[in-house]
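Visitor: My structure file run00.cif, mmCIF, C-alpha atoms, is below:
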data_run
loop_
_atom_site.group_PDB
_atom_site.id
_atom_site.type_symbol
_atom_site.label_atom_id
_atom_site.label_comp_id
_atom_site.auth_asym_id
_atom_site.auth_seq_id
_atom_site.Cartn_x
_atom_site.Cartn_y
_atom_site.Cartn_z
ATOM 1 C CA MET A 1 132.919 -8.293 162.262
ATOM 2 C CA ALA A 2 132.102 -8.337 165.987
ATOM 3 C CA GLU A 3 134.025 -11.586 166.430
ATOM 4 C CA GLY A 4 137.044 -10.093 164.669
ATOM 5 C CA PHE A 5 136.988 -6.969 166.816
ATOM 6 C CA LEU A 6 136.645 -8.876 170.085
ATOM 7 C CA ARG A 7 139.526 -11.151 169.169
ATOM 8 C CA ALA A 8 141.621 -8.087 168.268
ATOM 9 C CA PHE A 9 140.727 -6.092 171.394
ATOM 10 C CA ALA A 10 140.594 -8.847 174.016
ATOM 11 C CA GLY A 11 143.030 -11.448 172.707
ATOM 12 C CA ASP A 12 142.825 -14.613 174.778
ATOM 13 C CA ARG A 13 140.624 -13.159 177.534
ATOM 14 C CA PHE A 14 137.437 -14.629 176.046
ATOM 15 C CA GLU A 15 136.222 -17.572 174.058
ATOM 16 C CA VAL A 16 134.575 -15.950 171.060
ATOM 17 C CA GLN A 17 132.088 -17.434 168.606
ATOM 18 C CA SER A 18 129.775 -15.783 166.147
ATOM 19 C CA ALA A 19 126.705 -17.260 164.544
ATOM 20 C CA GLY A 20 123.605 -16.252 162.653
ATOM 21 C CA THR A 21 120.160 -17.541 161.895
ATOM 22 C CA ARG A 22 121.748 -19.786 159.274
ATOM 23 C CA ALA A 23 125.280 -20.567 158.137
ATOM 24 C CA THR A 24 126.236 -18.990 154.825
ATOM 25 C CA HIS A 25 129.635 -17.379 154.279
ATOM 26 C CA VAL A 26 131.663 -14.465 155.590
ATOM 27 C CA HIS A 27 130.716 -11.627 153.275
ATOM 28 C CA PRO A 28 133.592 -10.437 151.046
ATOM 29 C CA LEU A 29 132.793 -6.779 151.763
ATOM 30 C CA ALA A 30 132.964 -7.461 155.518
ATOM 31 C CA ILE A 31 136.399 -8.975 154.956
ATOM 32 C CA ALA A 32 137.408 -5.931 152.891
ATOM 33 C CA VAL A 33 136.328 -3.284 155.416
ATOM 34 C CA MET A 34 137.913 -5.156 158.320
ATOM 35 C CA THR A 35 141.149 -5.474 156.342
ATOM 36 C CA GLU A 36 141.141 -1.669 156.107
ATOM 37 C CA LEU A 37 141.646 -1.710 159.897
ATOM 38 C CA ALA A 38 144.287 -4.476 159.721
ATOM 39 C CA ILE A 39 141.921 -7.129 161.126
ATOM 40 C CA ASP A 40 141.785 -10.319 159.076
ATOM 41 C CA ILE A 41 138.456 -12.138 159.322
ATOM 42 C CA SER A 42 138.937 -14.131 156.134
ATOM 43 C CA LYS A 43 139.501 -17.373 158.063
ATOM 44 C CA GLN A 44 136.329 -17.039 160.151
ATOM 45 C CA LYS A 45 133.571 -19.522 159.381
ATOM 46 C CA SER A 46 129.870 -18.786 159.131
ATOM 47 C CA LYS A 47 127.919 -20.808 161.695
ATOM 48 C CA SER A 48 124.280 -21.082 162.692
ATOM 49 C CA ILE A 49 123.183 -20.396 166.258
ATOM 50 C CA ASP A 50 122.591 -24.138 166.621
ATOM 51 C CA ASP A 51 126.295 -24.764 165.917
ATOM 52 C CA VAL A 52 127.562 -22.787 168.930
ATOM 53 C CA GLY A 53 125.345 -24.353 171.583
ATOM 54 C CA GLU A 54 124.435 -23.165 175.075
ATOM 55 C CA GLY A 55 126.323 -22.097 178.173
ATOM 56 C CA TRP A 56 127.629 -18.670 177.145
ATOM 57 C CA ASP A 57 128.220 -15.973 179.771
ATOM 58 C CA VAL A 58 127.481 -13.112 177.359
ATOM 59 C CA VAL A 59 125.506 -13.283 174.132
ATOM 60 C CA VAL A 60 125.332 -10.290 171.816
ATOM 61 C CA THR A 61 122.948 -10.246 168.893
ATOM 62 C CA VAL A 62 123.886 -7.817 166.134
ATOM 63 C CA CYS A 63 120.844 -7.499 163.947
ATOM 64 C CA ASP A 64 117.932 -5.405 162.838
ATOM 65 C CA SER A 65 115.535 -8.091 161.696
ATOM 66 C CA SER A 66 115.777 -11.875 161.461
ATOM 67 C CA CYS A 67 117.595 -11.967 164.788
ATOM 68 C CA PRO A 68 118.637 -15.409 165.961
ATOM 69 C CA VAL A 69 117.139 -16.660 169.201
ATOM 70 C CA PRO A 70 120.049 -16.463 171.635
ATOM 71 C CA PRO A 71 120.991 -19.303 173.970
ATOM 72 C CA ARG A 72 119.001 -19.325 177.190
ATOM 73 C CA THR A 73 121.920 -18.634 179.524
ATOM 74 C CA GLY A 74 124.032 -15.592 180.214
ATOM 75 C CA LEU A 75 123.757 -11.847 179.801
ATOM 76 C CA LYS A 76 121.993 -10.947 176.572
ATOM 77 C CA LEU A 77 122.703 -7.736 174.676
ATOM 78 C CA ARG A 78 121.036 -6.691 171.434
ATOM 79 C CA TRP A 79 122.784 -4.223 169.181
ATOM 80 C CA LYS A 80 120.216 -3.120 166.642
ATOM 81 C CA LEU A 81 122.147 -2.483 163.443
ATOM 82 C CA PRO A 82 121.148 -2.901 159.808
ATOM 83 C CA ASP A 83 122.357 -5.938 157.909
ATOM 84 C CA PRO A 84 124.992 -4.499 155.564
ATOM 85 C CA ALA A 85 124.619 -7.511 153.260
ATOM 86 C CA ALA A 86 121.168 -6.158 152.362
ATOM 87 C CA ALA A 87 122.665 -2.894 151.040
ATOM 88 C CA ARG A 88 122.061 -2.111 147.387
ATOM 89 C CA GLY A 89 123.785 0.176 144.929
ATOM 90 C CA SER A 90 127.287 0.406 143.547
ATOM 91 C CA GLU A 91 130.181 -1.327 145.246
ATOM 92 C CA ALA A 92 131.285 2.036 146.664
ATOM 93 C CA GLU A 93 127.813 2.606 148.133
ATOM 94 C CA ARG A 94 127.703 -0.891 149.601
ATOM 95 C CA LEU A 95 131.199 -0.468 151.050
ATOM 96 C CA ALA A 96 130.027 2.745 152.724
ATOM 97 C CA VAL A 97 127.202 0.820 154.405
ATOM 98 C CA PHE A 98 129.598 -1.914 155.553
ATOM 99 C CA ARG A 99 131.968 0.731 156.931
ATOM 100 C CA GLY A 100 129.167 2.397 158.879
ATOM 101 C CA VAL A 101 128.080 -0.876 160.460
ATOM 102 C CA ARG A 102 131.720 -1.844 161.064
ATOM 103 C CA ASP A 103 132.392 1.408 162.897
ATOM 104 C CA ALA A 104 129.262 1.037 165.042
ATOM 105 C CA ILE A 105 130.259 -2.515 165.969
ATOM 106 C CA GLN A 106 133.829 -1.438 166.693
ATOM 107 C CA SER A 107 132.805 1.180 169.242
ATOM 108 C CA ARG A 108 130.396 -1.195 170.986
ATOM 109 C CA VAL A 109 132.874 -4.089 171.100
ATOM 110 C CA ARG A 110 135.634 -1.818 172.413
ATOM 111 C CA LEU A 111 133.388 -0.653 175.260
ATOM 112 C CA LEU A 112 132.170 -4.179 176.012
ATOM 113 C CA SER A 113 135.694 -5.606 176.076
ATOM 114 C CA HIS A 114 136.753 -2.956 178.612
ATOM 115 C CA ARG A 115 133.734 -3.611 180.834
ATOM 116 C CA LEU A 116 134.066 -7.402 180.975
#
Before anything else, please render the file you have as structure tokens.
Guide:
Amino acid sequence: MAEGFLRAFAGDRFEVQSAGTRATHVHPLAIAVMTELAIDISKQKSKSIDDVGEGWDVVVTVCDSSCPVPPRTGLKLRWKLPDPAAARGSEAERLAVFRGVRDAIQSRVRLLSHRL
């Protein structure tokens, strides 16, 4: 979601990559809640931190636990947010969790994109 927001807010100003502790898939509920804001992340690919390499100017980790070890270079920011994929309950309840995390990421990415 953070990658989608930064691409939407900053356009071509930055090279943007997102990665996790391991490559899996872009969660369908993440795609759904981003689509609600007219941001399409359905073409994004899940990558592991090893896939994106070193040499980044700014690295943001968005995690609560199981945080990837960021590359050694650049400014490092950690946004401590729960993993919405771990949410349980009905689809409506899980969507509510995804929306909450989405909104928290959106406000942080908007601020970051204005400051860089």
Visitor: Can you build me a table of stretch 58-97 of chain A residues sitting at most 9 Å from stretch 25-35 of chain A, with the closest atom pair per residue and its distance in Å to one decimal, using all atoms listed in the file, sorted by chain and residue number, as a tab-separated table?
Guide:
residue	atom	partner	partner_atom	distance
A:Pro84	CA	A:Ala30	CA	8.5
A:Ala85	CA	A:His27	CA	7.4
A:Glu91	CA	A:Leu29	CA	8.9
A:Arg94	CA	A:Leu29	CA	8.1
A:Leu95	CA	A:Leu29	CA	6.5
Visitor: I need the residue set behind the PyMOL selection byres ((chain A and resi 11-19) around 6) for this file; please write it as number ranges by chain.
Guide: A: 3, 7-10, 20, 47-49
Visitor: Suppose you want the space between atom CA of A:Leu116 and atom CA of A:Thr73; what is it in Å?
Guide: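 For atom CA of A:Leu116 relative to atom CA of A:Thr73, the distance reads 16.6 Å.
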Visitor: Run through the PyMOL selection byres ((chain A and resi 60) around 9) on the given coordinates and return the selected residues as an NGL selection string.
Guide: :A and (58-59 or 61-62 or 70 or 75-79)
Visitor: Choose the residue, out of A:Ala96, A:Cys67, A:Thr21, A:Leu37, that has the smallest atom-to-atom separation from A:Asp50; count only C-alpha atoms.
Guide: A:Thr21
Visitor: Which residue out of A:Ala104, A:Val97, A:Ala2, A:Val52 has the minimum interatomic distance to A:Ile39 when all atoms listed in the file are used?
Guide: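 Using all atoms listed in the file, the shortest distance to A:Ile39 belongs to A:Ala2.
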Visitor: Give the answer as one residue: which of A:Gly100, A:Pro68, A:Gly89, A:Pro82 has the shortest atom-to-atom distance to A:Ala23, using only C-alpha atoms?
Guide: A:Pro68
Visitor: Edge lengths and centre, in Å to one decimal, as JSON: that's what I need for the box along x, y and z that holds all listed atoms of stretch 34-45 of chain A plus 4 Å on each side.
Guide:
{"center_x": 138.9, "center_y": -10.6, "center_z": 158.6, "size_x": 18.7, "size_y": 25.9, "size_z": 13.0}
Visitor: Between atom CA of A:Lys80 and atom CA of A:Lys43, what distance in Å does the model show, to one decimal?
Guide: 25.5 Å
